[in-house]
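> Here's a structure for you.
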Amino acid sequence: MKRLALLPALMLLAPMLIGADEPMLVPDVSQRDVEIQYSFTGADLLLFGAIVYPDGRRPKKPADIMVVLKGPDQSITMREKQKVAGIWVNADSARFRSAPSFYAIASSRPIDKVVDERTAAIYEMGVDKLQLSPSSLNDSAELDRFQKGLIDLRERAGLYVEQQGTVEITDGVLYRARLPLSARVIVGDYTAETFLVQDGRVVAAAVRDITIRKSGFERFMAVAALQWPFLYGLAAILLAVGMGWAAGAIARRI
């Protein structure tokens with residue numbers, strides 16, 4: 001990776017930051033722009049950087065690192081299916097105002113060994129700590145069931161990921177972690193946030209922005225649908241009619 005060559009440069013910044021009272025993070029990410037094409041099957045993002053300590057002295061007890069990759073929030077309604085007279089119908093439902101479209105976390109040790117429940121909840125460290133902001137009037141037991149269902153669905157789709165104990169820290173200063181980016185991610189602005197944790201307390205945090213966008217023919221189609229909706233819809237109808245006619249003509253000849 002080209003950005004790995006920046007690690008020596010990050011270390012050269014240390015003398016400039018030594019006057020700080022608290023440790024500082026100098027993070028980066030292997031890709032700031034991710035382009036989605038028809039052949040996109042996902043990607044691995046490398047999040048890396050350096051920890052700069054005051055006066056250049058590392059603590060006797062090694063610190064921990066957590067990195068969180070988060071996608072745009074979405075408003076989503078979860079519906080529960082029930083079978084009535086042999087037919088599946090919608091039953092109970094719950095609506096969440098701000099469910100992350102994508103969430104991945106990696107840590108240097110198991111999360112519960114790094115922070116307590118309260119700190120994990122404040123910083124949303126872990127998929128079970130996500131604050132989804134329910135907007136429906138379901139009771140707490142129902143909301144908990146729907147939230148677990150949403151998390152389970154997105155974990156199976158590769159959209160919610162936990163990789164505990166996978167962050168590598170070298171000499172207590174350099175860190176690196178890889179997080180998988182699912183092929184099902186949506187376009188938009190993502191954030192890669194790094195937390196430095198010492199004795200269960202978050203002592204430093206830093207954020208890098210990542211943009212995921214469509215390119216090539218997919219981008220052209222998306223732009224066309226937004227800027228010329230009437231022509232886009234008309235073209236889609238004509239294409240569907242043409243394909244149907246072609247399929248019928250082929251079937252008659254066979």
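In the structure tokens, chains take letters A, B, ... by order of appearance, with residues numbered from 1 within each chain and ligands from 1 in the order shown.
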Against segment 179-182 of chain A, which residues of segment 22-49 of chain A fall within 12 Å? For each one I want the closest pair of atoms and the distance in Å (one decimal), counting only C-alpha atoms, rows by chain and increasing residue number, as a Markdown table.

```
| residue | atom | partner | partner_atom | distance |
| --- | --- | --- | --- | --- |
| A:Val29 | CA | A:Leu179 | CA | 10.6 |
| A:Ser30 | CA | A:Leu179 | CA | 10.9 |
| A:Gln31 | CA | A:Leu181 | CA | 11.4 |
| A:Val34 | CA | A:Leu181 | CA | 9.9 |
| A:Glu35 | CA | A:Leu181 | CA | 11.9 |
| A:Ile36 | CA | A:Ser182 | CA | 11.1 |
| A:Phe40 | CA | A:Ser182 | CA | 9.4 |
| A:Thr41 | CA | A:Ser182 | CA | 7.4 |
| A:Gly42 | CA | A:Ser182 | CA | 4.8 |
| A:Ala43 | CA | A:Leu181 | CA | 5.0 |
| A:Asp44 | CA | A:Pro180 | CA | 4.5 |
| A:Leu45 | CA | A:Leu179 | CA | 5.4 |
| A:Leu46 | CA | A:Leu179 | CA | 6.6 |
| A:Leu47 | CA | A:Leu179 | CA | 7.8 |
| A:Phe48 | CA | A:Leu179 | CA | 11.1 |
```
> Using 7 Å as the limit and counting only C-alpha atoms, can you tabulate each residue of segment 100-189 of chain A that touches segment 50-71 of chain A, with its shortest atom-to-atom distance in Å and the two atoms involved, as CSV?

```
residue,atom,partner,partner_atom,distance
A:Pro100,CA,A:Gly71,CA,5.8
A:Ser101,CA,A:Gly71,CA,5.4
A:Phe102,CA,A:Gly71,CA,4.6
A:Tyr103,CA,A:Lys70,CA,4.6
A:Ala104,CA,A:Leu69,CA,5.1
A:Ile105,CA,A:Val68,CA,4.4
A:Ala106,CA,A:Val67,CA,5.4
A:Ser107,CA,A:Met66,CA,4.3
A:Ser108,CA,A:Ile65,CA,5.5
A:Val114,CA,A:Asp64,CA,7.0
A:Val167,CA,A:Ile65,CA,7.0
A:Gly172,CA,A:Pro62,CA,6.4
A:Val173,CA,A:Ile51,CA,4.9
A:Leu174,CA,A:Ala50,CA,4.5
A:Tyr175,CA,A:Ala50,CA,6.2
A:Asp189,CA,A:Gly71,CA,6.7
```
> Would you save the residues from that selection as a compact mmCIF listing (two decimals), in the first residue's frame, using all heavy atoms?

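What follows is the written file out_2.txt:
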```txt
# COMPACT_ATOMS: atom_id res chain seq x y z
N PRO A 100 -27.06 2.82 11.43
CA PRO A 100 -25.95 2.95 10.48
C PRO A 100 -26.11 1.97 9.32
O PRO A 100 -26.42 0.80 9.54
CB PRO A 100 -24.72 2.61 11.33
CG PRO A 100 -25.15 2.77 12.74
CD PRO A 100 -26.60 2.44 12.77
N SER A 101 -25.91 2.45 8.11
CA SER A 101 -26.00 1.55 6.95
C SER A 101 -24.85 0.56 6.95
O SER A 101 -24.97 -0.53 6.39
CB SER A 101 -25.99 2.37 5.66
OG SER A 101 -24.81 3.17 5.59
N PHE A 102 -23.74 0.93 7.58
CA PHE A 102 -22.58 0.04 7.69
C PHE A 102 -21.86 0.35 8.99
O PHE A 102 -21.73 1.52 9.38
CB PHE A 102 -21.62 0.23 6.51
CG PHE A 102 -20.41 -0.66 6.57
CD1 PHE A 102 -20.48 -1.97 6.09
CD2 PHE A 102 -19.22 -0.21 7.11
CE1 PHE A 102 -19.37 -2.81 6.16
CE2 PHE A 102 -18.11 -1.03 7.19
CZ PHE A 102 -18.19 -2.34 6.70
N TYR A 103 -21.39 -0.70 9.68
CA TYR A 103 -20.67 -0.50 10.93
C TYR A 103 -19.66 -1.63 11.09
O TYR A 103 -20.02 -2.81 10.99
CB TYR A 103 -21.63 -0.50 12.11
CG TYR A 103 -20.95 -0.38 13.46
CD1 TYR A 103 -20.72 0.86 14.05
CD2 TYR A 103 -20.52 -1.51 14.14
CE1 TYR A 103 -20.08 0.97 15.27
CE2 TYR A 103 -19.88 -1.42 15.36
CZ TYR A 103 -19.67 -0.18 15.93
OH TYR A 103 -19.04 -0.08 17.14
N ALA A 104 -18.41 -1.28 11.30
CA ALA A 104 -17.36 -2.28 11.53
C ALA A 104 -16.43 -1.77 12.61
O ALA A 104 -16.07 -0.58 12.62
CB ALA A 104 -16.59 -2.57 10.25
N ILE A 105 -16.06 -2.65 13.52
CA ILE A 105 -15.15 -2.26 14.60
C ILE A 105 -14.07 -3.32 14.76
O ILE A 105 -14.32 -4.52 14.62
CB ILE A 105 -15.92 -2.07 15.93
CG1 ILE A 105 -14.98 -1.62 17.05
CG2 ILE A 105 -16.66 -3.35 16.33
CD1 ILE A 105 -15.68 -1.19 18.33
N ALA A 106 -12.86 -2.85 15.02
CA ALA A 106 -11.73 -3.73 15.33
C ALA A 106 -11.05 -3.19 16.58
O ALA A 106 -10.99 -1.97 16.79
CB ALA A 106 -10.75 -3.80 14.16
N SER A 107 -10.55 -4.09 17.41
CA SER A 107 -9.93 -3.68 18.66
C SER A 107 -8.66 -4.50 18.89
O SER A 107 -8.49 -5.59 18.35
CB SER A 107 -10.90 -3.86 19.83
OG SER A 107 -11.34 -5.22 19.92
N SER A 108 -7.78 -3.95 19.73
CA SER A 108 -6.53 -4.65 20.01
C SER A 108 -6.73 -5.80 20.99
O SER A 108 -5.94 -6.74 21.02
CB SER A 108 -5.49 -3.67 20.57
OG SER A 108 -6.02 -2.96 21.69
N VAL A 114 -11.29 -4.00 27.43
CA VAL A 114 -10.69 -2.68 27.19
C VAL A 114 -11.48 -1.58 27.88
O VAL A 114 -10.89 -0.68 28.51
CB VAL A 114 -10.60 -2.40 25.67
CG1 VAL A 114 -10.04 -1.00 25.41
CG2 VAL A 114 -9.74 -3.44 24.98
N VAL A 167 -6.45 -5.64 15.98
CA VAL A 167 -5.60 -4.46 15.76
C VAL A 167 -4.18 -4.79 16.21
O VAL A 167 -3.96 -5.23 17.34
CB VAL A 167 -6.13 -3.23 16.53
CG1 VAL A 167 -5.18 -2.05 16.35
CG2 VAL A 167 -7.53 -2.86 16.05
N GLY A 172 4.31 -0.31 20.74
CA GLY A 172 3.46 0.58 21.51
C GLY A 172 3.18 1.90 20.84
O GLY A 172 2.60 2.82 21.45
N VAL A 173 3.56 2.04 19.56
CA VAL A 173 3.44 3.34 18.88
C VAL A 173 2.67 3.23 17.57
O VAL A 173 1.75 4.01 17.31
CB VAL A 173 4.84 3.94 18.61
CG1 VAL A 173 4.73 5.23 17.81
CG2 VAL A 173 5.56 4.20 19.92
N LEU A 174 3.04 2.29 16.72
CA LEU A 174 2.40 2.16 15.41
C LEU A 174 1.28 1.13 15.49
O LEU A 174 1.43 0.07 16.10
CB LEU A 174 3.42 1.73 14.36
CG LEU A 174 4.64 2.63 14.17
CD1 LEU A 174 5.58 2.04 13.13
CD2 LEU A 174 4.21 4.03 13.80
N TYR A 175 0.17 1.44 14.86
CA TYR A 175 -0.95 0.49 14.86
C TYR A 175 -1.48 0.32 13.44
O TYR A 175 -1.32 1.19 12.58
CB TYR A 175 -2.07 0.97 15.79
CG TYR A 175 -2.80 2.21 15.30
CD1 TYR A 175 -3.89 2.11 14.44
CD2 TYR A 175 -2.38 3.47 15.70
CE1 TYR A 175 -4.53 3.25 13.97
CE2 TYR A 175 -3.02 4.61 15.24
CZ TYR A 175 -4.10 4.49 14.38
OH TYR A 175 -4.73 5.62 13.92
N ASP A 189 -20.93 9.35 2.54
CA ASP A 189 -19.76 9.72 3.33
C ASP A 189 -19.65 8.81 4.54
O ASP A 189 -20.60 8.67 5.32
CB ASP A 189 -19.86 11.18 3.79
CG ASP A 189 -19.85 12.15 2.61
OD1 ASP A 189 -19.14 11.87 1.63
OD2 ASP A 189 -20.55 13.18 2.67
```
> Which residue is closest to Asp116 of chain A? Choose from A:Ala94, A:Lys148, A:Gly200, A:Arg154 and count only C-alpha atoms.
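Answer, going by the shortest atom-to-atom distance: A:Gly200.
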> Excluding Val207 of chain A and its own-chain neighbours fewer than 3 positions away, which residues fall within 8 Å of it when counting only C-alpha atoms? Please give them as a list in words.
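The neighbour list is Pro27, Thr191, Ala192, Glu193 and Thr194 of chain A.
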> Could you write out the selected residues, including N, CA and C atoms, as a tab-separated table (two decimals), in the first residue's frame?

```
chain	number	residue	atom	x	y	z
A	27	PRO	N	-3.72	9.37	12.50
A	27	PRO	CA	-4.27	8.23	11.74
A	27	PRO	C	-4.29	8.48	10.24
A	191	THR	N	-17.08	7.49	7.96
A	191	THR	CA	-16.06	7.97	8.89
A	191	THR	C	-15.27	6.79	9.43
A	192	ALA	N	-13.96	6.98	9.52
A	192	ALA	CA	-13.07	6.00	10.15
A	192	ALA	C	-12.52	6.66	11.41
A	193	GLU	N	-13.02	6.21	12.56
A	193	GLU	CA	-12.65	6.83	13.83
A	193	GLU	C	-11.74	5.89	14.62
A	194	THR	N	-10.68	6.47	15.18
A	194	THR	CA	-9.73	5.71	15.99
A	194	THR	C	-9.77	6.20	17.42
```
> Please indicate the distance in Å from atom CA of Ala240 of chain A to atom CA of Ile186 of chain A, rounded to one decimal place.
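Taking atom CA of Ala240 of chain A as the start and atom CA of Ile186 of chain A as the end point, the length is 25.6 Å.
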> Please provide the set of residues having any atom within 8 Å of Ala99 of chain A, restricted to only C-alpha atoms, with same-chain residues fewer than 5 positions apart removed, written as a ChimeraX atom specification.
/A:73-76,130-133
> Can you check which residues of segment 114-204 of chain A DSSP gives as strand (DSSP E) on the backbone and send them as a PyMOL selection string?
chain A and resi 160-163+168-170+174-181+188-198+201-204
> With a distance cut-off of 10 Å and only C-alpha atoms, select the neighbouring residues of Leu150 of chain A, excluding the residue or stretch itself and same-chain residues fewer than 4 positions from it, and output the selection as a list in words.
Ile76, Thr77, Met78, Arg79, Phe96, Ala99, Asp144, Arg145, Phe146, Arg154, Glu155 and Tyr160 of chain A
> With N, CA and C atoms retained, write the just-selected residues as a PDB file, in the first residue's frame.

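Once written, again_7.pdb looks like this:
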```
ATOM      1  N   ILE A  76     -35.132   3.217   9.118  1.00  0.00           N
ATOM      2  CA  ILE A  76     -35.552   1.894   8.661  1.00  0.00           C
ATOM      3  C   ILE A  76     -36.699   1.374   9.507  1.00  0.00           C
ATOM      4  N   THR A  77     -37.634   0.685   8.852  1.00  0.00           N
ATOM      5  CA  THR A  77     -38.750   0.048   9.539  1.00  0.00           C
ATOM      6  C   THR A  77     -38.582  -1.461   9.460  1.00  0.00           C
ATOM      7  N   MET A  78     -38.567  -2.095  10.619  1.00  0.00           N
ATOM      8  CA  MET A  78     -38.475  -3.545  10.700  1.00  0.00           C
ATOM      9  C   MET A  78     -39.883  -4.119  10.873  1.00  0.00           C
ATOM     10  N   ARG A  79     -40.218  -5.122  10.057  1.00  0.00           N
ATOM     11  CA  ARG A  79     -41.539  -5.752  10.138  1.00  0.00           C
ATOM     12  C   ARG A  79     -41.393  -7.229  10.452  1.00  0.00           C
ATOM     13  N   PHE A  96     -36.777   2.659  13.319  1.00  0.00           N
ATOM     14  CA  PHE A  96     -35.565   3.239  13.890  1.00  0.00           C
ATOM     15  C   PHE A  96     -35.128   4.410  13.019  1.00  0.00           C
ATOM     16  N   ALA A  99     -30.239   4.120  12.045  1.00  0.00           N
ATOM     17  CA  ALA A  99     -29.456   2.884  12.007  1.00  0.00           C
ATOM     18  C   ALA A  99     -28.302   3.061  11.017  1.00  0.00           C
ATOM     19  N   ASP A 144     -36.251  -4.203  21.838  1.00  0.00           N
ATOM     20  CA  ASP A 144     -35.027  -4.991  21.961  1.00  0.00           C
ATOM     21  C   ASP A 144     -35.032  -6.155  20.976  1.00  0.00           C
ATOM     22  N   ARG A 145     -36.175  -6.789  20.799  1.00  0.00           N
ATOM     23  CA  ARG A 145     -36.273  -7.916  19.856  1.00  0.00           C
ATOM     24  C   ARG A 145     -36.057  -7.457  18.426  1.00  0.00           C
ATOM     25  N   PHE A 146     -36.664  -6.328  18.062  1.00  0.00           N
ATOM     26  CA  PHE A 146     -36.502  -5.817  16.704  1.00  0.00           C
ATOM     27  C   PHE A 146     -35.073  -5.326  16.463  1.00  0.00           C
ATOM     28  N   ARG A 154     -28.138  -7.591   9.369  1.00  0.00           N
ATOM     29  CA  ARG A 154     -27.019  -6.856   8.784  1.00  0.00           C
ATOM     30  C   ARG A 154     -25.687  -7.547   9.033  1.00  0.00           C
ATOM     31  N   GLU A 155     -25.585  -8.296  10.101  1.00  0.00           N
ATOM     32  CA  GLU A 155     -24.372  -9.096  10.293  1.00  0.00           C
ATOM     33  C   GLU A 155     -24.283 -10.180   9.228  1.00  0.00           C
ATOM     34  N   TYR A 160     -22.611  -5.322   9.265  1.00  0.00           N
ATOM     35  CA  TYR A 160     -22.184  -5.070  10.644  1.00  0.00           C
ATOM     36  C   TYR A 160     -21.115  -6.104  10.982  1.00  0.00           C
TER      37      TYR A 160
END
```
> Please run DSSP on the backbone and report, as number ranges by chain, all residues within segment 13-159 of chain A that come out as helix (DSSP H, G or I).
A: 14-17, 54-56, 111-114, 117-122, 127-129, 140-156
> Calculated over only C-alpha atoms, which of the candidates A:Val185, A:Lys113, A:Arg95, A:Gly126 has the smallest distance to Glu142 of chain A?
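Nearest candidate to Glu142 of chain A out of A:Val185, A:Lys113, A:Arg95, A:Gly126: A:Arg95.
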> For Ala157 of chain A, find every residue with an atom within 10 Å (counting only C-alpha atoms), except residues of its own chain fewer than 4 positions away, and show them as a list of chain:residue names.
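What passes the distance filter is A:Ile151, A:Asp152, A:Leu153, A:Val161, A:Ser182, A:Ala183, A:Arg184, A:Val185.
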> Could you tell me how far atom CA of Ala204 of chain A lies from atom CA of Glu22 of chain A, in Å and to one decimal?
7.5 Å
